[in-house]
Every structure is written in C-alpha cells, then in structure tokens.
file query_7.csv (CSV, C-alpha atoms)
chain,number,residue,atom,x,y,z
A,276,MET,CA,67.8,55.0,78.7
A,277,SER,CA,68.3,55.7,82.4
A,278,THR,CA,71.8,56.5,83.8
A,279,GLU,CA,71.4,54.4,86.9
A,280,GLN,CA,74.6,52.4,86.3
A,281,PRO,CA,77.6,53.5,88.5
A,282,LEU,CA,79.7,56.2,86.9
A,283,PRO,CA,83.4,55.5,86.6
A,284,GLU,CA,85.6,57.3,89.1
A,285,LEU,CA,88.1,59.8,87.8
A,286,ASP,CA,91.7,59.6,89.0
A,287,PRO,CA,92.0,62.9,91.1
A,288,VAL,CA,95.8,63.1,90.3
A,289,ILE,CA,95.1,63.3,86.6
A,290,HIS,CA,91.8,65.1,86.8
A,291,ALA,CA,93.3,68.6,86.9
A,292,GLN,CA,93.6,70.2,83.5
A,293,ALA,CA,97.3,71.1,83.9
A,294,ARG,CA,98.4,67.7,85.0
A,295,LEU,CA,96.2,66.0,82.4
A,296,ARG,CA,98.1,68.0,79.7
A,297,VAL,CA,101.4,67.0,81.2
A,298,VAL,CA,100.4,63.3,81.2
A,299,ALA,CA,98.8,63.5,77.7
A,300,ALA,CA,102.0,65.0,76.4
A,301,LEU,CA,104.3,62.4,78.0
A,302,ASN,CA,102.1,59.6,76.8
A,303,VAL,CA,102.9,60.5,73.2
A,304,LEU,CA,106.6,59.6,73.8
A,305,PRO,CA,107.4,56.0,73.0
A,306,GLU,CA,108.6,53.9,75.9
A,307,GLY,CA,112.3,54.4,76.5
A,308,ASP,CA,112.1,58.1,75.7
A,309,GLU,CA,112.1,61.1,78.1
A,310,MET,CA,111.2,64.7,77.4
A,311,ALA,CA,113.4,67.6,78.4
A,312,PHE,CA,111.9,69.9,81.1
A,313,ASN,CA,112.5,73.0,79.0
A,314,SER,CA,110.8,71.5,76.0
A,315,MET,CA,107.8,70.6,78.2
A,316,LYS,CA,107.7,74.1,79.6
A,317,GLU,CA,107.4,75.5,76.0
A,318,LEU,CA,105.1,72.9,74.8
A,319,LEU,CA,102.7,73.3,77.7
A,320,GLY,CA,103.0,77.1,78.0
A,321,MET,CA,103.7,76.7,81.8
A,322,THR,CA,106.2,78.5,84.0
A,323,ALA,CA,109.1,76.5,85.4
A,324,GLY,CA,107.7,76.7,88.9
A,325,ASN,CA,104.2,75.6,87.9
A,326,LEU,CA,105.5,72.7,85.8
A,327,SER,CA,107.7,71.6,88.7
A,328,VAL,CA,104.8,71.5,91.1
A,329,HIS,CA,102.7,69.3,88.7
A,330,LEU,CA,105.6,67.0,87.9
A,331,THR,CA,106.3,66.5,91.6
A,332,LYS,CA,102.7,65.6,92.3
A,333,LEU,CA,102.8,63.2,89.4
A,334,GLU,CA,106.1,61.8,90.6
A,335,ASP,CA,104.7,61.3,94.2
A,336,ALA,CA,101.8,59.4,92.7
A,337,GLY,CA,104.3,57.1,90.9
A,338,TYR,CA,103.1,58.3,87.5
A,339,VAL,CA,106.2,60.1,86.3
A,340,ARG,CA,109.9,59.4,86.5
A,341,ILE,CA,112.2,62.4,86.8
A,342,THR,CA,115.8,62.2,85.9
A,343,LYS,CA,118.3,65.0,86.7
A,344,THR,CA,121.5,65.0,84.7
A,345,HIS,CA,123.9,67.3,82.9
A,346,ARG,CA,124.4,68.1,79.2
A,347,GLY,CA,128.0,69.4,79.3
A,348,ARG,CA,127.9,71.7,82.3
A,349,THR,CA,124.2,72.6,82.0
A,350,PRO,CA,121.9,70.7,84.3
A,351,VAL,CA,119.0,69.1,82.4
A,352,THR,CA,115.9,67.5,83.8
A,353,TYR,CA,114.0,64.8,81.9
A,354,ALA,CA,110.5,63.4,82.6
A,355,ALA,CA,108.9,60.2,81.4
A,356,LEU,CA,105.7,58.4,82.2
A,357,THR,CA,106.1,55.2,84.3
A,358,LYS,CA,104.2,52.1,83.4
A,359,ARG,CA,101.8,53.0,86.2
A,360,GLY,CA,101.4,56.4,84.8
A,361,ARG,CA,100.6,55.1,81.3
A,362,LEU,CA,98.0,52.7,82.8
A,363,ALA,CA,96.5,55.5,84.9
A,364,PHE,CA,96.2,57.7,81.8
A,365,GLU,CA,94.6,54.8,79.8
A,366,ASP,CA,92.1,54.2,82.6
A,367,TYR,CA,91.3,57.9,82.9
A,368,THR,CA,90.7,58.2,79.1
A,369,LYS,CA,88.4,55.1,79.3
A,370,ALA,CA,86.5,56.6,82.2
A,371,ILE,CA,86.0,59.9,80.4
A,372,ARG,CA,84.8,58.1,77.3
A,373,ALA,CA,82.4,56.0,79.5
A,374,LEU,CA,81.0,59.2,81.0
A,375,LEU,CA,80.5,60.6,77.6
A,376,ASP,CA,78.8,57.5,76.4
A,377,ASN,CA,76.6,57.6,79.4
A,378,ALA,CA,75.7,61.3,78.8
A,379,GLY,CA,75.1,60.5,75.1
A,380,GLY,CA,72.7,57.7,76.0
A,381,VAL,CA,70.4,59.9,78.0
B,286,MET,CA,99.0,78.7,84.2
B,287,VAL,CA,97.4,77.7,87.5
B,288,ASP,CA,96.2,74.4,88.5
B,289,ASP,CA,92.6,74.6,87.2
B,290,ASP,CA,90.5,72.8,89.8
B,291,ARG,CA,87.3,74.0,88.3
B,292,GLU,CA,85.1,71.1,87.4
B,293,LYS,CA,85.4,70.4,83.7
B,294,SER,CA,83.0,68.4,81.6
B,295,PRO,CA,84.1,65.1,80.1
B,296,GLU,CA,83.9,66.7,76.7
B,297,GLU,CA,86.3,69.4,77.7
B,298,MET,CA,88.7,66.9,79.3
B,299,LEU,CA,88.7,64.7,76.2
B,300,ARG,CA,89.3,67.8,74.1
B,301,VAL,CA,92.2,68.7,76.3
B,302,ILE,CA,93.7,65.2,75.8
B,303,GLU,CA,93.3,65.3,72.1
B,304,GLU,CA,94.6,68.8,71.6
B,305,GLN,CA,97.7,68.1,73.8
B,306,SER,CA,98.4,64.8,72.1
B,307,THR,CA,98.2,66.4,68.7
B,308,ALA,CA,100.4,69.4,69.7
B,309,THR,CA,103.0,67.0,71.1
B,310,VAL,CA,103.1,64.7,68.1
B,311,ARG,CA,103.5,67.9,65.9
B,312,LEU,CA,106.4,69.1,68.0
B,313,LEU,CA,108.2,65.7,68.0
B,314,ARG,CA,107.7,65.1,64.3
B,315,GLY,CA,109.4,68.3,63.3
B,316,ASP,CA,108.4,71.1,61.0
B,317,PRO,CA,108.0,69.7,57.4
B,318,LEU,CA,108.8,73.2,56.1
B,319,LEU,CA,112.3,72.9,57.5
B,320,LEU,CA,112.7,69.2,56.5
B,321,TYR,CA,111.5,69.2,52.9
B,322,VAL,CA,111.2,72.7,51.4
B,323,PRO,CA,115.0,73.6,51.6
B,324,TRP,CA,115.9,70.5,49.6
B,325,GLY,CA,113.1,71.3,47.1
B,326,VAL,CA,114.5,74.8,46.6
B,327,ALA,CA,118.1,73.5,46.3
B,328,TRP,CA,117.2,70.9,43.7
B,329,LEU,CA,114.9,73.3,41.8
B,330,LEU,CA,117.7,75.9,41.5
B,331,GLY,CA,120.6,73.5,41.0
B,332,PHE,CA,119.1,71.1,38.6
B,333,THR,CA,117.5,73.9,36.6
B,334,ALA,CA,121.0,75.4,36.1
B,335,LEU,CA,122.3,72.0,35.1
B,336,PHE,CA,119.3,71.4,32.7
B,337,LEU,CA,120.0,74.8,31.0
B,338,HIS,CA,123.6,73.7,30.6
B,339,TYR,CA,122.8,70.2,29.2
B,340,GLY,CA,119.7,70.9,27.2
B,341,LEU,CA,117.6,68.0,26.0
B,342,ASP,CA,119.3,67.5,22.6
B,343,GLY,CA,122.8,68.1,23.7
B,344,ARG,CA,122.8,71.9,23.0
B,345,PRO,CA,122.8,74.2,26.0
B,346,TYR,CA,119.8,76.5,26.5
B,347,ALA,CA,121.8,79.1,28.4
B,348,PRO,CA,125.5,80.0,28.7
B,349,ILE,CA,126.0,78.1,31.9
B,350,SER,CA,129.1,75.8,32.3
B,351,GLN,CA,128.7,72.5,34.0
B,352,MET,CA,130.9,73.7,36.9
B,353,GLN,CA,128.6,76.7,37.4
B,354,GLY,CA,125.6,74.5,37.5
B,355,VAL,CA,127.2,72.1,39.9
B,356,ALA,CA,128.3,75.2,42.0
B,357,VAL,CA,124.7,76.4,42.2
B,358,LEU,CA,123.5,72.9,43.2
B,359,MET,CA,126.2,72.4,45.8
B,360,ALA,CA,125.8,75.9,47.4
B,361,ALA,CA,122.0,75.4,47.5
B,362,GLN,CA,122.4,71.9,49.0
B,363,VAL,CA,124.8,73.2,51.7
B,364,VAL,CA,122.1,75.8,52.7
B,365,ALA,CA,119.4,73.1,52.6
B,366,GLY,CA,121.5,70.7,54.6
B,367,SER,CA,122.1,73.4,57.2
B,368,VAL,CA,118.4,74.3,57.5
B,369,ALA,CA,117.4,70.7,57.7
B,370,ALA,CA,120.2,70.0,60.3
B,371,TYR,CA,118.9,72.9,62.4
B,372,GLY,CA,115.4,71.3,62.2
B,373,VAL,CA,116.7,67.9,63.2
B,374,VAL,CA,118.9,69.2,66.1
B,375,ARG,CA,115.9,71.1,67.4
B,376,MET,CA,113.9,67.9,67.3
B,377,VAL,CA,116.6,65.8,68.9
B,378,ARG,CA,117.0,68.3,71.8
B,379,LEU,CA,113.3,67.9,72.8
B,380,SER,CA,113.8,64.4,74.2
B,381,ARG,CA,116.3,61.7,74.8
B,382,GLY,CA,116.2,57.9,74.8
B,383,ASP,CA,115.6,55.3,72.1
B,384,SER,CA,114.2,57.8,69.6
B,385,SER,CA,117.2,60.1,69.9
B,386,ALA,CA,119.6,57.1,69.5
B,387,ARG,CA,117.6,56.1,66.4
B,388,GLY,CA,117.8,59.7,65.0
B,389,LEU,CA,121.6,59.8,65.7
B,390,MET,CA,122.2,56.5,63.9
B,391,TYR,CA,120.1,57.7,61.0
B,392,GLY,CA,122.0,61.0,60.8
B,393,LEU,CA,125.3,59.1,60.8
B,394,ALA,CA,124.0,56.9,58.0
B,395,TRP,CA,123.4,60.0,55.9
B,396,PHE,CA,127.0,61.1,56.5
B,397,ALA,CA,128.3,57.7,55.7
B,398,GLY,CA,126.2,57.4,52.5
B,399,MET,CA,127.0,60.8,51.2
B,400,GLY,CA,130.7,60.5,52.2
B,401,LEU,CA,131.1,57.2,50.4
B,402,MET,CA,129.2,58.5,47.4
B,403,ILE,CA,131.7,61.4,47.1
B,404,MET,CA,134.7,59.1,47.5
B,405,ILE,CA,133.5,56.6,44.8
B,406,ALA,CA,132.2,59.3,42.4
B,407,SER,CA,135.4,61.3,42.7
B,408,ARG,CA,137.4,58.3,41.7
B,409,MET,CA,135.1,57.2,38.8
B,410,THR,CA,134.5,60.7,37.5
B,411,LEU,CA,138.1,60.9,36.1
B,412,GLN,CA,137.3,57.9,33.8
B,413,LEU,CA,134.1,59.4,32.3
B,414,PRO,CA,133.3,62.2,29.8
B,415,PRO,CA,131.8,65.3,31.4
B,416,TYR,CA,128.2,64.5,30.4
B,417,GLU,CA,128.3,61.0,32.0
B,418,SER,CA,130.3,62.3,34.9
B,419,GLY,CA,127.6,64.8,35.8
B,420,LEU,CA,125.0,62.1,35.6
B,421,LEU,CA,127.1,59.8,37.8
B,422,TRP,CA,127.2,62.5,40.6
B,423,ALA,CA,123.5,63.4,40.3
B,424,GLY,CA,122.2,59.9,40.0
B,425,PHE,CA,124.4,58.5,42.7
B,426,SER,CA,123.6,61.2,45.2
B,427,LEU,CA,119.8,60.9,44.6
B,428,THR,CA,120.2,57.1,45.0
B,429,VAL,CA,121.5,57.7,48.5
B,430,VAL,CA,118.7,60.2,49.2
B,431,ALA,CA,116.0,57.8,47.9
B,432,VAL,CA,117.3,54.8,49.9
B,433,LEU,CA,117.6,56.8,53.1
B,434,TYR,CA,114.2,58.3,52.8
B,435,MET,CA,112.7,54.9,52.4
B,436,THR,CA,114.7,53.6,55.3
B,437,GLY,CA,113.5,56.5,57.4
B,438,GLY,CA,109.9,55.6,56.6
B,439,ALA,CA,110.6,52.1,57.7
B,440,ILE,CA,112.3,53.2,61.0
B,441,TRP,CA,109.6,55.6,62.0
B,442,LEU,CA,106.8,53.7,60.3
B,443,GLN,CA,105.9,56.8,58.2
B,444,TRP,CA,104.4,55.8,54.9
B,445,PRO,CA,104.6,59.4,53.5
B,446,MET,CA,108.4,59.4,54.0
B,447,PHE,CA,108.7,55.9,52.5
B,448,PHE,CA,106.7,56.9,49.4
B,449,ILE,CA,108.7,60.2,49.0
B,450,GLY,CA,111.9,58.0,49.0
B,451,ALA,CA,110.3,55.6,46.4
B,452,TRP,CA,109.3,58.6,44.3
B,453,VAL,CA,112.9,60.0,44.4
B,454,ALA,CA,114.1,56.5,43.3
B,455,ALA,CA,111.6,56.3,40.5
B,456,VAL,CA,112.4,59.8,39.1
B,457,ASN,CA,116.1,59.2,39.5
B,458,GLY,CA,116.0,55.9,37.8
B,459,LEU,CA,114.0,57.2,34.9
B,460,GLY,CA,116.3,60.3,34.5
B,461,VAL,CA,119.4,58.2,34.5
B,462,LEU,CA,118.0,56.0,31.7
B,463,LEU,CA,117.1,59.1,29.7
B,464,GLY,CA,120.4,61.0,30.1
B,465,ALA,CA,121.8,64.0,31.9
B,466,GLY,CA,119.5,66.6,30.3
B,467,TRP,CA,116.3,64.8,31.1
B,468,HIS,CA,117.6,63.8,34.5
B,469,ALA,CA,118.2,67.4,35.4
B,470,LEU,CA,114.8,68.5,34.1
B,471,LEU,CA,112.9,65.7,35.8
B,472,THR,CA,114.7,66.3,39.1
B,473,ALA,CA,114.2,70.0,39.0
B,474,VAL,CA,110.5,69.7,38.3
B,475,LEU,CA,109.4,66.5,40.0
B,476,LEU,CA,111.7,66.5,42.9
B,477,GLY,CA,112.6,70.2,43.4
B,478,ALA,CA,109.1,71.6,42.9
B,479,GLY,CA,107.7,68.3,44.2
B,480,PHE,CA,109.5,68.6,47.6
B,481,ILE,CA,108.3,72.2,48.0
B,482,LEU,CA,104.7,71.1,47.4
B,483,VAL,CA,105.0,68.1,49.6
B,484,GLY,CA,106.6,70.2,52.4
B,485,GLY,CA,103.7,72.7,52.1
B,486,TRP,CA,101.1,70.0,52.0
B,487,LEU,CA,102.5,68.2,55.1
B,488,ARG,CA,102.7,71.5,56.9
B,489,LEU,CA,99.0,72.1,56.2
B,490,ARG,CA,98.2,68.7,57.7
B,491,TRP,CA,100.8,69.3,60.5
call {"tool": "encode", "arguments": {"input": "query_7.csv", "output": "structure tokens"}}
result
Amino acid sequence: MSTEQPLPELDPVIHAQARLRVVAALNVLPEGDEMAFNSMKELLGMTAGNLSVHLTKLEDAGYVRITKTHRGRTPVTYAALTKRGRLAFEDYTKAIRALLDNAGGV
Amino acid sequence: MVDDDREKSPEEMLRVIEEQSTATVRLLRGDPLLLYVPWGVAWLLGFTALFLHYGLDGRPYAPISQMQGVAVLMAAQVVAGSVAAYGVVRMVRLSRGDSSARGLMYGLAWFAGMGLMIMIASRMTLQLPPYESGLLWAGFSLTVVAVLYMTGGAIWLQWPMFFIGAWVAAVNGLGVLLGAGWHALLTAVLLGAGFILVGGWLRLRW
C-alpha cells in the first residue's frame, strides 16, 4: 500500500520528549487534581530549572495550569492539564498512532 | 535532562508516553508492599499468638495468656498502621484536589470505624466470658476492615481491593461461626499470610 495520504501534523509544543513526558504524566491525574512540582521533579527525573522551563512553555500554550500556593509557610507549586492540554495530548497520541499505522501499512 | 529536540520515531514517542503513564499510575497508586504487607505480618504474628492461646479444642497449644496474644496483635497493628499511614501520607502529598479529598474522607472513615468499634466492644466485653470477648474484638475489627476495603474498591474502582475486602469478610464470617480458635487460625493463615502474598503479587504487577 502506498503512503500518499497526508501525514498527520504533530503538535510542536508536545513533540519534545521532555514536554511529552510532562504532559503524559499530568494526563494520568483525574480532572480536578493537580500534581505538586516536587513530585513531578522526582517522577520525571528533571532538575527544578528544567521542569520550570517546560511547564512555562506548556502554560504559554494554554496546555497547563500552574497554581502557586503555600502549605503552612512553605511555598508549593501545583500543575494540572487544562481541557485544551488534554485535548492536545489526545490529538498528539492519535497522530502518533496514525503515523505508526501508516508505517506499518508499507 | 535537556530538551531533546532530536527527531524521534513515532514508536519511540509512543513508548515514551506509555512508560511515563505507567510510572505515574504506579506512583499515584502507592506501594502495595507498604499498604498490604505490614497488615499481613501483624495479623500473622498476632493471630498466631491468639491461636496458640485458644487452641482448636479449648486447650492452649502454648503458655500464652489472652492478654499477651492481644498485646502482640495490638503492637504489631500499631506498627502496621504507622507504616501504612506513612505510605498513604506519601501518596497524598503527591497531588491535591478531588482525589486527596476522597483519600482524606476515606482515612477519616477508618478512624471513625475503628474508634466506634473500640467504644462498642469495650462496653460489651464486660458482659462476655473471655473466649467470646476475644472473638468480639477480633470479629468486629475485621468487619470494619472488610467493609472499608470493599468501600475503597468502590471509591477508586479497584476490583482487587474490593475482592480483598470480600475475602476478609468471608474469612471473618466463617471464623466467627467456628469460634475463637478457628477464627484466630483462619485469620493468621488466610489473612495474615494472604495479605503478605497479595502485597508481593501486587508489587510484582506494580
């Protein structure tokens, strides 16, 4: 079978391994939940600076909502996927699967 | 880790998604070794001590008083509760929102159930002979455990947790019908050793 049909476009915001991992992790949380920044840092094995950069990029794209608050006197940051972020991740996963199906059909 | 802009194949990206999702689910679900094994060890030790005290035909198998058996059980349960609480607190601190609220309410239900059980059993225990009194404490506390495990399964839609609760209920019910000696034996083996095996098995699938 030929692969003449147009290939799906991949969202450039998510199509970077580090950000894809951030989004994939946040997508596991049920709606209404947010993950603590420190937990994400440990889970993803990233430095605070690196994770901050990626979260900011995702926030700028409207995919992630960041909440800064305090637990007692300690400042805590939480992150969650927005509806738009969940949709973007869903579309990205579909596109990746479509690419794989295409490659498999060759 | 740097932002890896190197072009990855779709297979690699899909694998990244799957691995990250699995790792996150694992983290949020908590370590089954912390949640099940300590209770298994506590029941295995405590109910074995009580079984040796009661025996199956009314004669003790070892010179252990009922109070010593209960002391072993309570001490082991305090340790188990502390380890499990550590596991739960670690889980709760990972995120906040509806799931944390659900976990908090569930934790409070445990306190309420166990607290009420202690109040009621303390009052009733004075009216009963020691053999029946021991059975009241053991049967009542495992009833709370069974119901709350089943409820937990319903809340988080986890069939294994629900079935573990149902299993506790079945063993407990059968043991209460057969008497204190059998109850202690069945609990030690089927729930004590059982929880250790289940914890290990869930950890392997973790």
call {"tool": "atom_distance", "arguments": {"input": "query_7.csv", "atom1": "atom CA of A:Leu333", "atom2": "atom CA of A:Lys358"}}
result
12.7 Å
call {"tool": "residues_around", "arguments": {"input": "query_7.csv", "residues": "B:Leu312", "least_positions_apart": "2", "cutoff": "10 Å", "atoms": "only C-alpha atoms", "output": "number ranges by chain"}}
result
A: 314, 318; B: 306-310, 314-316, 375-376, 379, 491
call {"tool": "atom_distance", "arguments": {"input": "query_7.csv", "atom1": "atom CA of A:Ala300", "atom2": "atom CA of B:Gln305"}}
result
5.9 Å
call {"tool": "interface_residues", "arguments": {"input": "query_7.csv", "of": "chain A", "to": "chain B", "cutoff": "6 Å", "atoms": "all atoms listed in the file", "output": "NGL selection string"}}
result
:A and (291-293 or 296 or 299-300 or 307-311 or 314 or 321 or 371)
call {"tool": "residues_around", "arguments": {"input": "query_7.csv", "residues": "stretch 469-471 of chain B", "least_positions_apart": "5", "cutoff": "7 Å", "atoms": "all atoms listed in the file", "output": "number ranges by chain"}}
result
B: 332-333, 335-336, 456, 460
call {"tool": "residues_around", "arguments": {"input": "query_7.csv", "residues": "B:Ala370", "least_positions_apart": "5", "cutoff": "12 Å", "atoms": "all atoms listed in the file", "output": "list in words"}}
result
Gly315, Asp316, Leu319, Leu320, Tyr321, Pro323, Trp324, Gln362, Val363, Val364, Ala365, Arg375, Met376, Val377, Gly388, Leu389, Gly392, Trp395 and Phe396 of chain B
call {"tool": "write_last_selection", "arguments": {"input": "query_7.csv", "atoms": "C-alpha atoms", "output": "mmCIF file, keeping the file's coordinate frame"}}
result
data_model
loop_
_atom_site.group_PDB
_atom_site.id
_atom_site.type_symbol
_atom_site.label_atom_id
_atom_site.label_comp_id
_atom_site.auth_asym_id
_atom_site.auth_seq_id
_atom_site.Cartn_x
_atom_site.Cartn_y
_atom_site.Cartn_z
ATOM 1 C CA GLY B 315 109.400 68.300 63.300
ATOM 2 C CA ASP B 316 108.400 71.100 61.000
ATOM 3 C CA LEU B 319 112.300 72.900 57.500
ATOM 4 C CA LEU B 320 112.700 69.200 56.500
ATOM 5 C CA TYR B 321 111.500 69.200 52.900
ATOM 6 C CA PRO B 323 115.000 73.600 51.600
ATOM 7 C CA TRP B 324 115.900 70.500 49.600
ATOM 8 C CA GLN B 362 122.400 71.900 49.000
ATOM 9 C CA VAL B 363 124.800 73.200 51.700
ATOM 10 C CA VAL B 364 122.100 75.800 52.700
ATOM 11 C CA ALA B 365 119.400 73.100 52.600
ATOM 12 C CA ARG B 375 115.900 71.100 67.400
ATOM 13 C CA MET B 376 113.900 67.900 67.300
ATOM 14 C CA VAL B 377 116.600 65.800 68.900
ATOM 15 C CA GLY B 388 117.800 59.700 65.000
ATOM 16 C CA LEU B 389 121.600 59.800 65.700
ATOM 17 C CA GLY B 392 122.000 61.000 60.800
ATOM 18 C CA TRP B 395 123.400 60.000 55.900
ATOM 19 C CA PHE B 396 127.000 61.100 56.500
#
call {"tool": "atom_distance", "arguments": {"input": "query_7.csv", "atom1": "atom CA of B:Asn457", "atom2": "atom CA of B:Trp328"}}
result
12.5 Å
call {"tool": "residues_around", "arguments": {"input": "query_7.csv", "residues": "A:Thr344", "least_positions_apart": "3", "cutoff": "12 Å", "atoms": "all atoms listed in the file", "output": "PyMOL selection string"}}
result
(chain A and resi 311-312+341+347-354) or (chain B and resi 381)
call {"tool": "write_last_selection", "arguments": {"input": "query_7.csv", "atoms": "C-alpha atoms", "output": "PDB file, in the frame of the given file"}}
result
ATOM      1  CA  ALA A 311     113.400  67.600  78.400  1.00  0.00           C
ATOM      2  CA  PHE A 312     111.900  69.900  81.100  1.00  0.00           C
ATOM      3  CA  ILE A 341     112.200  62.400  86.800  1.00  0.00           C
ATOM      4  CA  GLY A 347     128.000  69.400  79.300  1.00  0.00           C
ATOM      5  CA  ARG A 348     127.900  71.700  82.300  1.00  0.00           C
ATOM      6  CA  THR A 349     124.200  72.600  82.000  1.00  0.00           C
ATOM      7  CA  PRO A 350     121.900  70.700  84.300  1.00  0.00           C
ATOM      8  CA  VAL A 351     119.000  69.100  82.400  1.00  0.00           C
ATOM      9  CA  THR A 352     115.900  67.500  83.800  1.00  0.00           C
ATOM     10  CA  TYR A 353     114.000  64.800  81.900  1.00  0.00           C
ATOM     11  CA  ALA A 354     110.500  63.400  82.600  1.00  0.00           C
TER      12      ALA A 354
ATOM     13  CA  ARG B 381     116.300  61.700  74.800  1.00  0.00           C
TER      14      ARG B 381
END
call {"tool": "residues_near_point", "arguments": {"input": "query_7.csv", "point": "(112.5, 58.4, 60.8)", "cutoff": "10 Å", "atoms": "only C-alpha atoms", "output": "list of chain:residue names"}}
result
B:Arg314, B:Ser384, B:Arg387, B:Gly388, B:Tyr391, B:Gly392, B:Leu433, B:Tyr434, B:Met435, B:Thr436, B:Gly437, B:Gly438, B:Ala439, B:Ile440, B:Trp441, B:Leu442, B:Gln443, B:Met446, B:Phe447
call {"tool": "residues_around", "arguments": {"input": "query_7.csv", "residues": "A:Arg340", "least_positions_apart": "6", "cutoff": "8 Å", "atoms": "only C-alpha atoms", "output": "NGL selection string"}}
result
:A and (334 or 354-357)
call {"tool": "residues_near_point", "arguments": {"input": "query_7.csv", "point": "(127.4, 57.3, 51.0)", "cutoff": "12 Å", "atoms": "all atoms listed in the file", "output": "number ranges by chain"}}
result
B: 392-406, 422, 425-433
call {"tool": "closest_residue", "arguments": {"input": "query_7.csv", "among": "B:Val453, B:Leu487, B:Ile481, B:Ile349", "to": "B:Leu329", "atoms": "only C-alpha atoms"}}
result
B:Ile481
call {"tool": "build_atoms", "arguments": {"input": "query_7.csv", "residues": "stretch 283-304 of chain A", "atoms": "N, CA and C atoms", "output": "PDB file, in the coordinates of the input"}}
result
ATOM      1  N   PRO A 283      82.010  55.808  86.284  1.00  0.00           N
ATOM      2  CA  PRO A 283      83.400  55.500  86.600  1.00  0.00           C
ATOM      3  C   PRO A 283      84.043  56.624  87.398  1.00  0.00           C
ATOM      4  N   GLU A 284      84.941  56.240  88.310  1.00  0.00           N
ATOM      5  CA  GLU A 284      85.600  57.300  89.100  1.00  0.00           C
ATOM      6  C   GLU A 284      86.787  57.837  88.322  1.00  0.00           C
ATOM      7  N   LEU A 285      87.007  59.125  88.477  1.00  0.00           N
ATOM      8  CA  LEU A 285      88.100  59.800  87.800  1.00  0.00           C
ATOM      9  C   LEU A 285      89.290  59.950  88.708  1.00  0.00           C
ATOM     10  N   ASP A 286      90.465  59.536  88.241  1.00  0.00           N
ATOM     11  CA  ASP A 286      91.700  59.600  89.000  1.00  0.00           C
ATOM     12  C   ASP A 286      91.936  61.113  89.399  1.00  0.00           C
ATOM     13  N   PRO A 287      91.900  61.461  90.711  1.00  0.00           N
ATOM     14  CA  PRO A 287      92.000  62.900  91.100  1.00  0.00           C
ATOM     15  C   PRO A 287      93.426  63.454  90.757  1.00  0.00           C
ATOM     16  N   VAL A 288      94.436  62.595  90.656  1.00  0.00           N
ATOM     17  CA  VAL A 288      95.800  63.100  90.300  1.00  0.00           C
ATOM     18  C   VAL A 288      95.794  63.649  88.889  1.00  0.00           C
ATOM     19  N   ILE A 289      95.141  62.932  88.005  1.00  0.00           N
ATOM     20  CA  ILE A 289      95.100  63.300  86.600  1.00  0.00           C
ATOM     21  C   ILE A 289      94.018  64.323  86.291  1.00  0.00           C
ATOM     22  N   HIS A 290      92.956  64.268  87.087  1.00  0.00           N
ATOM     23  CA  HIS A 290      91.800  65.100  86.800  1.00  0.00           C
ATOM     24  C   HIS A 290      91.941  66.536  87.208  1.00  0.00           C
ATOM     25  N   ALA A 291      93.019  67.126  86.742  1.00  0.00           N
ATOM     26  CA  ALA A 291      93.300  68.600  86.900  1.00  0.00           C
ATOM     27  C   ALA A 291      93.861  68.945  85.540  1.00  0.00           C
ATOM     28  N   GLN A 292      93.310  69.959  84.911  1.00  0.00           N
ATOM     29  CA  GLN A 292      93.600  70.200  83.500  1.00  0.00           C
ATOM     30  C   GLN A 292      95.156  70.284  83.246  1.00  0.00           C
ATOM     31  N   ALA A 293      95.881  70.978  84.120  1.00  0.00           N
ATOM     32  CA  ALA A 293      97.300  71.100  83.900  1.00  0.00           C
ATOM     33  C   ALA A 293      98.032  69.799  83.917  1.00  0.00           C
ATOM     34  N   ARG A 294      97.706  68.980  84.925  1.00  0.00           N
ATOM     35  CA  ARG A 294      98.400  67.700  85.000  1.00  0.00           C
ATOM     36  C   ARG A 294      97.930  66.735  83.916  1.00  0.00           C
ATOM     37  N   LEU A 295      96.685  66.859  83.514  1.00  0.00           N
ATOM     38  CA  LEU A 295      96.200  66.000  82.400  1.00  0.00           C
ATOM     39  C   LEU A 295      96.992  66.340  81.142  1.00  0.00           C
ATOM     40  N   ARG A 296      97.282  67.628  80.934  1.00  0.00           N
ATOM     41  CA  ARG A 296      98.100  68.000  79.700  1.00  0.00           C
ATOM     42  C   ARG A 296      99.483  67.470  79.832  1.00  0.00           C
ATOM     43  N   VAL A 297     100.060  67.506  81.038  1.00  0.00           N
ATOM     44  CA  VAL A 297     101.400  67.000  81.200  1.00  0.00           C
ATOM     45  C   VAL A 297     101.422  65.478  80.861  1.00  0.00           C
ATOM     46  N   VAL A 298     100.450  64.752  81.406  1.00  0.00           N
ATOM     47  CA  VAL A 298     100.400  63.300  81.200  1.00  0.00           C
ATOM     48  C   VAL A 298     100.105  62.991  79.723  1.00  0.00           C
ATOM     49  N   ALA A 299      99.174  63.746  79.130  1.00  0.00           N
ATOM     50  CA  ALA A 299      98.800  63.500  77.700  1.00  0.00           C
ATOM     51  C   ALA A 299     100.050  63.732  76.828  1.00  0.00           C
ATOM     52  N   ALA A 300     100.842  64.756  77.156  1.00  0.00           N
ATOM     53  CA  ALA A 300     102.000  65.000  76.400  1.00  0.00           C
ATOM     54  C   ALA A 300     103.069  63.910  76.526  1.00  0.00           C
ATOM     55  N   LEU A 301     103.303  63.495  77.763  1.00  0.00           N
ATOM     56  CA  LEU A 301     104.300  62.400  78.000  1.00  0.00           C
ATOM     57  C   LEU A 301     103.875  61.102  77.428  1.00  0.00           C
ATOM     58  N   ASN A 302     102.569  60.888  77.363  1.00  0.00           N
ATOM     59  CA  ASN A 302     102.100  59.600  76.800  1.00  0.00           C
ATOM     60  C   ASN A 302     102.366  59.439  75.359  1.00  0.00           C
ATOM     61  N   VAL A 303     102.603  60.574  74.661  1.00  0.00           N
ATOM     62  CA  VAL A 303     102.900  60.500  73.200  1.00  0.00           C
ATOM     63  C   VAL A 303     104.314  59.907  73.006  1.00  0.00           C
ATOM     64  N   LEU A 304     105.216  60.136  73.976  1.00  0.00           N
ATOM     65  CA  LEU A 304     106.600  59.600  73.800  1.00  0.00           C
ATOM     66  C   LEU A 304     106.559  58.099  73.818  1.00  0.00           C
TER      67      LEU A 304
END
